[in-house]
Each structure stands twice: as structure tokens, then as C-alpha cells.
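First up is the structure itself, then whatever we jot down about it.
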Amino acid sequence: MAAKSVLELVGNTPLVELTRLSPKPGIRLFAKLEGQNPTGSLKDRIALAMVETAEASGELEPGRELLEPTSGNTGISLAMVARVKGYSLTCVMPENATEERKRLLKLMGAKIVLSPADQGTNGSVQAALELAGRESQYYMPFQYANDANPRAHYEGTGAEIVGELDRVDVLVAGLGTGGTLMGAGARVREAFPDAVIAAAEPLPGDPVIGLRSLEDGYVPPILDVAKLDRKLLVTNTESVAAVRALLDEEAIFAGISSGAVVHAARKLASELDDGVVVCILADGGWKYLSASFWAAEDVEAAMETSIWW
Amino acid sequence: MTTVRIPPTLREQTGGEATISASGETVRELLDDLTGRFPALRDRIYAEGELARFVNVYVGGEDVRTKDGLETPVGDGSTVILLPAMAGGC
């Protein structure tokens, strides 16, 4: 039966076994392809959930405008939801976000406000909070502090994984807002109490860390690090190598964070004799095609000035 | 000895040094050695005797908050990385 709108196509993403990337015969490695959501990332799930939760509570009414700090995926997902439901959307992002993302957001009808590149995502968050405080027409879903974010992954992503597998020993996802790990992690742990919930996070280059003080640091309110069993730093070089391995071995074109997730998953899998390891691949590689690192000899140098996920 | 990587946000307190050798069998001992030599670091790294909320410490590439915190053992020759907590999640 045909869907009534693209919003009905969010979620229920495919799970595929990565037979060639499994590090040893006793390990079954699976990938959940979140790039197959309508706008190409798992953020479709949380955008839809955050907007519908706000509509149900009465916080979001016709005439109000959506505002969100986002360097891409969440904005593109919110733009889809906003278009279908008839809201306008403004995205605040660092000025060095990739061109595809800015262009796609504009094509989908979003307005863009740029924040300083050297302040990264933290700068976008600050700028959006200030704008929302100043102008009352804005409703800011704010994925970093919105319970609908982890709930979408509890009820969707996590439930889908649990429904398809009869064993999960390790679940690996990228750490951004923490929504995927908190939500899907909780659901997987309910079904498989001994499952290890592991975060892969990027090792940022010095230019990204910048000259800001530690007081400008930010821990998303929805993230409870105590609920993670492992938290692994992955370098940009390792992430890109794993993105290439996904292409070479499995013909899967995934984004940078997915590379980090696969790198971390293989490392954790190598600590086990046997077991089932599930990777959540947050997006496809399409929105990174214009980035310079694909052809760079020095991947770190090409990537160190941006936050990639 | 252990190599400790200092983020740009803390280099004012280390006289500009990006990597410093320190000794200690746990993260606490290591950071005590470090803050003994660079006292200005102490108020930045610790809050009420624990790791400050916006400071992440990694041993062997893993966050000590998912290991044994300040009591996490540090192997000889390993690398310890200090990083500010930063928002991700584009």
C-alpha cells in the first residue's frame, strides 16, 4: 500500500550482515542502514518525533516557526517534516558546513543562519539559544535536550534491532547528541541485559577545539555517560579508512560517523571469541562528497578544521 | 612515563606545551603529577576533587568515565588524552 506522505516512510530501516568486515569467524557483524530513511539519515526519526510531540503538547501551533542549531542532517530532516506539515524552519550552523548541506537545506525551504566556523557546533547552539530567547515566534525542538530524541530511538531504532535479532552482544553507535545510544541502547539492554552499549566519538583536531575555554564545553542534557559501557575515540584517519573498507568490502557508501562506528565495532569484536555485534550507520556518504579528504594524502590535515558529526 | 596530550584550551596553563610526560599508575596519580608541575591546571581539570564536567580524559583511546574514573590504571608507555566536552550530533 502506498504511503500517504514521505513521513510514513521514516524508520523500519534494513539490517544487513557485514560478512566480509567481520574480524573473525565467530563474530556476526550487522549494520543498520539509517541512510535509507527518506532524507538519508537517522535524524528523520527524531525530527518527526520532536515535532509531533510538540504538536501533541500544544507547544507547537500553526504560525510558530521551527529553529534548530544543526550542521546538516537534523536540519534536513526537520525541513522535510516542516514542509509536509506547513511550518517554516531556520537552521543555525557553522559557516564551514559542507556545501551540499547548505544547498539541500535551501532547496527544502529552510532559512540558514551561519555561526562562526571557529566556534563549531557549540557556537551554533549558543547562537540558536540566544535567537530563541529573543524572538518568541520560534519553537526550538533542540535535539540535545529533547526527550523525544532518545524516545524515537527507543521505540524505533532499538525496537527494530531487537525484533530482528535473537542475540546482541555489542551495540555500537556514534556519539553526537547521545540520542541514539541512550534510546536504542536502553531498548537493546532491556532485551539483552548483558549487551555492551558502546559509543564511537571523533577525536577532534586542534583547530576545532580552538581557543575557547573549557567553560564553553557542552554535555547534552539527554546524554548520561554512566549508561554507556564503552566510549571510544576514533581518529578521522581511522574513520575514513573504515568508510573506504565499507565501500571496498561490502559496497555500502556510508558517512564519516559510520566509519568510526565500524572501526570501533571491529575493535570491540576482536575482544570477543564469538558474538553478535550491531553497528548503527547514521547516514549515507552522499552529503560528504564535496569534502576534500577523499583525495587528500594527509586525511587529518584535510579534516582537522571541521566537526564531521 | 606516560605521554599526556593537552588540548589547545588548556595550553595557557602548560606554558604552551601540547604534550607533556607525566608519571603515575592511575589517572589520579598522573594528573596529580601534572598539576603539581602546572598548578594552574588544577582548577581547570578538577571540580570538588573529581574530574570537571567539561573535561574528558582518555586512556588508550577510551573515556575513563566508562572505566574506573580517576582510578583507571595507566600502563607505562600509554597515551593519555585530555579533551574538552564538545557538542556533536549534526
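Going by the C-alpha cells order, chains are called A, B, ..., each with residues numbered from 1, while ligands are numbered from 1 in the order shown.
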
| request: Just the residues within 6 Å of segment 39-55 of chain B, please, counting only C-alpha atoms, with nothing from its chain fewer than 2 positions along; format it as a PyMOL selection string. | output: (chain A and resi 217) or (chain B and resi 13+35-36+83-85)

Save the residues we just selected, N, CA and C atoms, as a short mmCIF file (atom, residue, chain, number, x, y, z; two decimals), in the first residue's frame?
```cif
data_model
loop_
_atom_site.label_atom_id
_atom_site.label_comp_id
_atom_site.auth_asym_id
_atom_site.auth_seq_id
_atom_site.Cartn_x
_atom_site.Cartn_y
_atom_site.Cartn_z
N GLY A 217 32.51 24.32 27.15
CA GLY A 217 32.24 22.91 26.85
C GLY A 217 30.76 22.62 26.97
N GLN B 13 47.78 27.08 30.48
CA GLN B 13 48.17 26.62 31.81
C GLN B 13 49.43 25.75 31.78
N THR B 35 49.46 18.38 37.64
CA THR B 35 49.01 19.62 38.27
C THR B 35 50.01 20.08 39.34
N GLY B 36 50.86 19.17 39.83
CA GLY B 36 51.93 19.57 40.74
C GLY B 36 52.93 20.48 40.03
N LEU B 83 40.57 16.17 26.68
CA LEU B 83 39.76 16.90 25.70
C LEU B 83 38.63 17.65 26.40
N PRO B 84 38.24 18.80 25.87
CA PRO B 84 37.03 19.44 26.38
C PRO B 84 35.81 18.70 25.85
N ALA B 85 34.74 18.61 26.63
CA ALA B 85 33.49 18.03 26.13
C ALA B 85 32.92 18.97 25.08
#
```

| task | Would you give me, as a list in words, the residues of chain B that come within 9 Å of chain A, using only C-alpha atoms? | result |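 That gives the following set of residues: Pro7, Pro8, Thr9, Leu10, Arg44, Arg53, Phe54, Val55, Tyr58, Gly60, Gly61, Glu62, Asp63, Val64, Arg65, Thr66, Lys67, Leu83, Pro84, Ala85, Met86, Ala87, Gly88, Gly89 and Cys90 of chain B.
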
| message | Run DSSP on the backbone and tell me which residues of chain B come out as helix (DSSP H, G or I); list them as a VMD selection string. | response | chain B and resid 8 to 14 27 to 37 39 to 45 64 to 66 69 to 71

Generate a file of the selected residues that holds N, CA and C atoms, formatted as a PDB file, in the first residue's frame.
```pdb
ATOM      1  N   PRO B   8      44.249  22.547  23.056  1.00  0.00           N
ATOM      2  CA  PRO B   8      44.580  23.975  22.954  1.00  0.00           C
ATOM      3  C   PRO B   8      43.960  24.801  24.081  1.00  0.00           C
ATOM      4  N   THR B   9      42.778  24.380  24.543  1.00  0.00           N
ATOM      5  CA  THR B   9      42.066  25.131  25.587  1.00  0.00           C
ATOM      6  C   THR B   9      42.790  25.108  26.934  1.00  0.00           C
ATOM      7  N   LEU B  10      43.784  24.225  27.102  1.00  0.00           N
ATOM      8  CA  LEU B  10      44.494  24.148  28.390  1.00  0.00           C
ATOM      9  C   LEU B  10      45.971  24.500  28.270  1.00  0.00           C
ATOM     10  N   ARG B  11      46.378  24.924  27.083  1.00  0.00           N
ATOM     11  CA  ARG B  11      47.823  25.137  26.909  1.00  0.00           C
ATOM     12  C   ARG B  11      48.329  26.412  27.562  1.00  0.00           C
ATOM     13  N   GLU B  12      47.413  27.354  27.824  1.00  0.00           N
ATOM     14  CA  GLU B  12      47.830  28.549  28.550  1.00  0.00           C
ATOM     15  C   GLU B  12      48.356  28.146  29.928  1.00  0.00           C
ATOM     16  N   GLN B  13      47.779  27.080  30.475  1.00  0.00           N
ATOM     17  CA  GLN B  13      48.166  26.622  31.811  1.00  0.00           C
ATOM     18  C   GLN B  13      49.428  25.753  31.779  1.00  0.00           C
ATOM     19  N   THR B  14      49.851  25.331  30.582  1.00  0.00           N
ATOM     20  CA  THR B  14      51.049  24.473  30.492  1.00  0.00           C
ATOM     21  C   THR B  14      52.185  25.191  29.772  1.00  0.00           C
ATOM     22  N   VAL B  27      45.043   7.359  36.713  1.00  0.00           N
ATOM     23  CA  VAL B  27      44.773   8.683  36.143  1.00  0.00           C
ATOM     24  C   VAL B  27      44.935   9.753  37.230  1.00  0.00           C
ATOM     25  N   ARG B  28      44.487   9.458  38.447  1.00  0.00           N
ATOM     26  CA  ARG B  28      44.592  10.437  39.529  1.00  0.00           C
ATOM     27  C   ARG B  28      46.065  10.770  39.817  1.00  0.00           C
ATOM     28  N   GLU B  29      46.892   9.718  39.931  1.00  0.00           N
ATOM     29  CA  GLU B  29      48.316   9.958  40.207  1.00  0.00           C
ATOM     30  C   GLU B  29      48.968  10.750  39.076  1.00  0.00           C
ATOM     31  N   LEU B  30      48.570  10.399  37.863  1.00  0.00           N
ATOM     32  CA  LEU B  30      49.135  11.063  36.693  1.00  0.00           C
ATOM     33  C   LEU B  30      48.766  12.549  36.679  1.00  0.00           C
ATOM     34  N   LEU B  31      47.478  12.826  36.929  1.00  0.00           N
ATOM     35  CA  LEU B  31      47.025  14.218  36.923  1.00  0.00           C
ATOM     36  C   LEU B  31      47.597  14.982  38.117  1.00  0.00           C
ATOM     37  N   ASP B  32      47.810  14.286  39.244  1.00  0.00           N
ATOM     38  CA  ASP B  32      48.437  14.944  40.400  1.00  0.00           C
ATOM     39  C   ASP B  32      49.870  15.359  40.062  1.00  0.00           C
ATOM     40  N   ASP B  33      50.586  14.471  39.365  1.00  0.00           N
ATOM     41  CA  ASP B  33      51.947  14.797  38.928  1.00  0.00           C
ATOM     42  C   ASP B  33      51.911  16.023  38.012  1.00  0.00           C
ATOM     43  N   LEU B  34      50.957  15.998  37.084  1.00  0.00           N
ATOM     44  CA  LEU B  34      50.832  17.078  36.096  1.00  0.00           C
ATOM     45  C   LEU B  34      50.471  18.408  36.773  1.00  0.00           C
ATOM     46  N   THR B  35      49.457  18.376  37.644  1.00  0.00           N
ATOM     47  CA  THR B  35      49.012  19.623  38.275  1.00  0.00           C
ATOM     48  C   THR B  35      50.006  20.081  39.342  1.00  0.00           C
ATOM     49  N   GLY B  36      50.857  19.171  39.830  1.00  0.00           N
ATOM     50  CA  GLY B  36      51.930  19.573  40.741  1.00  0.00           C
ATOM     51  C   GLY B  36      52.930  20.479  40.030  1.00  0.00           C
ATOM     52  N   ARG B  37      53.176  20.137  38.764  1.00  0.00           N
ATOM     53  CA  ARG B  37      54.147  20.922  37.994  1.00  0.00           C
ATOM     54  C   ARG B  37      53.499  22.116  37.294  1.00  0.00           C
ATOM     55  N   PRO B  39      50.442  24.125  38.344  1.00  0.00           N
ATOM     56  CA  PRO B  39      49.349  24.306  39.325  1.00  0.00           C
ATOM     57  C   PRO B  39      48.111  24.970  38.741  1.00  0.00           C
ATOM     58  N   ALA B  40      48.272  25.813  37.733  1.00  0.00           N
ATOM     59  CA  ALA B  40      47.105  26.498  37.164  1.00  0.00           C
ATOM     60  C   ALA B  40      46.137  25.503  36.522  1.00  0.00           C
ATOM     61  N   LEU B  41      46.627  24.305  36.192  1.00  0.00           N
ATOM     62  CA  LEU B  41      45.779  23.279  35.581  1.00  0.00           C
ATOM     63  C   LEU B  41      44.746  22.730  36.555  1.00  0.00           C
ATOM     64  N   ARG B  42      45.110  22.748  37.852  1.00  0.00           N
ATOM     65  CA  ARG B  42      44.286  22.051  38.845  1.00  0.00           C
ATOM     66  C   ARG B  42      42.829  22.525  38.824  1.00  0.00           C
ATOM     67  N   ASP B  43      42.641  23.848  38.848  1.00  0.00           N
ATOM     68  CA  ASP B  43      41.274  24.386  38.895  1.00  0.00           C
ATOM     69  C   ASP B  43      40.506  24.143  37.610  1.00  0.00           C
ATOM     70  N   ARG B  44      41.225  23.866  36.528  1.00  0.00           N
ATOM     71  CA  ARG B  44      40.559  23.643  35.256  1.00  0.00           C
ATOM     72  C   ARG B  44      40.112  22.194  35.100  1.00  0.00           C
ATOM     73  N   ILE B  45      40.909  21.280  35.664  1.00  0.00           N
ATOM     74  CA  ILE B  45      40.669  19.850  35.455  1.00  0.00           C
ATOM     75  C   ILE B  45      39.741  19.266  36.523  1.00  0.00           C
ATOM     76  N   VAL B  64      37.758   7.547  30.476  1.00  0.00           N
ATOM     77  CA  VAL B  64      37.887   6.915  31.800  1.00  0.00           C
ATOM     78  C   VAL B  64      36.553   6.906  32.551  1.00  0.00           C
ATOM     79  N   ARG B  65      35.591   7.743  32.116  1.00  0.00           N
ATOM     80  CA  ARG B  65      34.288   7.722  32.792  1.00  0.00           C
ATOM     81  C   ARG B  65      33.562   6.397  32.569  1.00  0.00           C
ATOM     82  N   THR B  66      33.893   5.666  31.487  1.00  0.00           N
ATOM     83  CA  THR B  66      33.292   4.345  31.298  1.00  0.00           C
ATOM     84  C   THR B  66      34.262   3.256  31.762  1.00  0.00           C
ATOM     85  N   GLY B  69      37.145   5.677  36.170  1.00  0.00           N
ATOM     86  CA  GLY B  69      37.272   7.099  36.511  1.00  0.00           C
ATOM     87  C   GLY B  69      38.716   7.458  36.824  1.00  0.00           C
ATOM     88  N   LEU B  70      38.904   8.237  37.887  1.00  0.00           N
ATOM     89  CA  LEU B  70      40.261   8.673  38.247  1.00  0.00           C
ATOM     90  C   LEU B  70      41.134   7.512  38.704  1.00  0.00           C
ATOM     91  N   GLU B  71      40.510   6.384  39.063  1.00  0.00           N
ATOM     92  CA  GLU B  71      41.310   5.222  39.495  1.00  0.00           C
ATOM     93  C   GLU B  71      41.683   4.318  38.324  1.00  0.00           C
TER      94      GLU B  71
END
```

| said: What's the separation between atom CA of Ser77 of chain A and atom CA of Glu99 of chain A, in Å to one decimal place? | reply: 16.7 Å

| message | Which of segment 85-296 of chain A end up as strand (DSSP E) when DSSP is run on this backbone - answer as number ranges by chain? | response | A: 89-94, 111-115, 138-139, 170-174, 196-202, 230-234, 275-281

Residues from last step as file, N, CA and C atoms, as a JSON list (two decimals), in the first residue's frame:
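What landed in again_34.json:
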```json
[["chain", "number", "residue", "atom", "x", "y", "z"],
["A", 89, "LEU", "N", 11.17, 26.89, 8.78],
["A", 89, "LEU", "CA", 12.30, 26.38, 9.56],
["A", 89, "LEU", "C", 13.53, 27.25, 9.35],
["A", 90, "THR", "N", 14.20, 27.60, 10.46],
["A", 90, "THR", "CA", 15.50, 28.28, 10.40],
["A", 90, "THR", "C", 16.55, 27.38, 11.05],
["A", 91, "CYS", "N", 17.68, 27.16, 10.34],
["A", 91, "CYS", "CA", 18.77, 26.34, 10.89],
["A", 91, "CYS", "C", 19.97, 27.23, 11.17],
["A", 92, "VAL", "N", 20.58, 27.04, 12.36],
["A", 92, "VAL", "CA", 21.83, 27.75, 12.69],
["A", 92, "VAL", "C", 22.96, 26.74, 12.56],
["A", 93, "MET", "N", 23.96, 27.06, 11.74],
["A", 93, "MET", "CA", 25.06, 26.11, 11.52],
["A", 93, "MET", "C", 26.40, 26.83, 11.39],
["A", 94, "PRO", "N", 27.51, 26.12, 11.69],
["A", 94, "PRO", "CA", 28.83, 26.73, 11.49],
["A", 94, "PRO", "C", 29.02, 27.05, 10.01],
["A", 111, "LYS", "N", 15.58, 28.39, 6.10],
["A", 111, "LYS", "CA", 16.43, 29.58, 6.16],
["A", 111, "LYS", "C", 17.68, 29.20, 6.95],
["A", 112, "ILE", "N", 18.82, 29.82, 6.58],
["A", 112, "ILE", "CA", 20.07, 29.46, 7.22],
["A", 112, "ILE", "C", 20.69, 30.67, 7.90],
["A", 113, "VAL", "N", 21.08, 30.48, 9.17],
["A", 113, "VAL", "CA", 21.85, 31.49, 9.90],
["A", 113, "VAL", "C", 23.21, 30.87, 10.19],
["A", 114, "LEU", "N", 24.29, 31.55, 9.82],
["A", 114, "LEU", "CA", 25.63, 30.98, 10.00],
["A", 114, "LEU", "C", 26.25, 31.47, 11.30],
["A", 115, "SER", "N", 26.92, 30.54, 12.00],
["A", 115, "SER", "CA", 27.67, 30.90, 13.21],
["A", 115, "SER", "C", 29.16, 30.73, 12.89],
["A", 138, "TYR", "N", 9.67, 31.67, 17.62],
["A", 138, "TYR", "CA", 10.41, 30.43, 17.37],
["A", 138, "TYR", "C", 10.07, 29.33, 18.37],
["A", 139, "TYR", "N", 9.88, 28.15, 17.84],
["A", 139, "TYR", "CA", 9.86, 26.96, 18.70],
["A", 139, "TYR", "C", 11.10, 26.15, 18.36],
["A", 170, "VAL", "N", 27.04, -6.67, 21.43],
["A", 170, "VAL", "CA", 27.58, -5.31, 21.42],
["A", 170, "VAL", "C", 26.74, -4.46, 20.47],
["A", 171, "LEU", "N", 26.35, -3.27, 20.94],
["A", 171, "LEU", "CA", 25.69, -2.29, 20.07],
["A", 171, "LEU", "C", 26.60, -1.08, 19.99],
["A", 172, "VAL", "N", 26.95, -0.67, 18.78],
["A", 172, "VAL", "CA", 27.83, 0.49, 18.61],
["A", 172, "VAL", "C", 27.12, 1.56, 17.80],
["A", 173, "ALA", "N", 27.18, 2.79, 18.29],
["A", 173, "ALA", "CA", 26.62, 3.92, 17.54],
["A", 173, "ALA", "C", 27.52, 5.13, 17.76],
["A", 174, "GLY", "N", 27.38, 6.10, 16.88],
["A", 174, "GLY", "CA", 28.16, 7.31, 17.01],
["A", 174, "GLY", "C", 27.60, 8.19, 18.12],
["A", 196, "VAL", "N", 26.73, -4.96, 25.58],
["A", 196, "VAL", "CA", 27.62, -3.83, 25.80],
["A", 196, "VAL", "C", 27.17, -2.68, 24.89],
["A", 197, "ILE", "N", 26.88, -1.53, 25.48],
["A", 197, "ILE", "CA", 26.46, -0.36, 24.70],
["A", 197, "ILE", "C", 27.70, 0.54, 24.54],
["A", 198, "ALA", "N", 28.13, 0.69, 23.30],
["A", 198, "ALA", "CA", 29.41, 1.36, 23.05],
["A", 198, "ALA", "C", 29.25, 2.57, 22.15],
["A", 199, "ALA", "N", 29.92, 3.66, 22.53],
["A", 199, "ALA", "CA", 29.90, 4.90, 21.74],
["A", 199, "ALA", "C", 31.21, 5.05, 20.99],
["A", 200, "ALA", "N", 31.10, 5.47, 19.74],
["A", 200, "ALA", "CA", 32.28, 5.89, 18.98],
["A", 200, "ALA", "C", 32.22, 7.40, 18.88],
["A", 201, "GLU", "N", 33.31, 8.08, 19.23],
["A", 201, "GLU", "CA", 33.29, 9.54, 19.14],
["A", 201, "GLU", "C", 34.53, 10.03, 18.42],
["A", 202, "PRO", "N", 34.39, 11.18, 17.74],
["A", 202, "PRO", "CA", 35.52, 11.67, 16.95],
["A", 202, "PRO", "C", 36.60, 12.30, 17.80],
["A", 230, "ARG", "N", 31.11, 1.47, 27.05],
["A", 230, "ARG", "CA", 32.40, 1.81, 26.44],
["A", 230, "ARG", "C", 32.24, 3.13, 25.68],
["A", 231, "LYS", "N", 33.34, 3.88, 25.59],
["A", 231, "LYS", "CA", 33.31, 5.16, 24.87],
["A", 231, "LYS", "C", 34.68, 5.31, 24.22],
["A", 232, "LEU", "N", 34.72, 5.11, 22.91],
["A", 232, "LEU", "CA", 36.00, 5.01, 22.20],
["A", 232, "LEU", "C", 36.23, 6.20, 21.29],
["A", 233, "LEU", "N", 37.41, 6.78, 21.38],
["A", 233, "LEU", "CA", 37.82, 7.84, 20.46],
["A", 233, "LEU", "C", 38.26, 7.19, 19.15],
["A", 234, "VAL", "N", 37.84, 7.77, 18.04],
["A", 234, "VAL", "CA", 38.27, 7.27, 16.73],
["A", 234, "VAL", "C", 38.84, 8.46, 15.95],
["A", 275, "GLY", "N", 30.06, -13.88, 18.96],
["A", 275, "GLY", "CA", 29.00, -12.97, 19.38],
["A", 275, "GLY", "C", 28.42, -12.20, 18.23],
["A", 276, "VAL", "N", 27.40, -11.40, 18.57],
["A", 276, "VAL", "CA", 26.71, -10.59, 17.58],
["A", 276, "VAL", "C", 26.97, -9.10, 17.88],
["A", 277, "VAL", "N", 27.51, -8.42, 16.91],
["A", 277, "VAL", "CA", 27.86, -7.00, 17.06],
["A", 277, "VAL", "C", 27.03, -6.20, 16.06],
["A", 278, "VAL", "N", 26.31, -5.21, 16.56],
["A", 278, "VAL", "CA", 25.43, -4.40, 15.69],
["A", 278, "VAL", "C", 25.95, -2.97, 15.61],
["A", 279, "CYS", "N", 26.11, -2.49, 14.38],
["A", 279, "CYS", "CA", 26.54, -1.11, 14.14],
["A", 279, "CYS", "C", 25.36, -0.31, 13.63],
["A", 280, "ILE", "N", 25.15, 0.86, 14.17],
["A", 280, "ILE", "CA", 24.14, 1.76, 13.60],
["A", 280, "ILE", "C", 24.86, 2.76, 12.69],
["A", 281, "LEU", "N", 24.60, 2.66, 11.40],
["A", 281, "LEU", "CA", 25.24, 3.55, 10.42],
["A", 281, "LEU", "C", 24.29, 4.73, 10.19]]
```
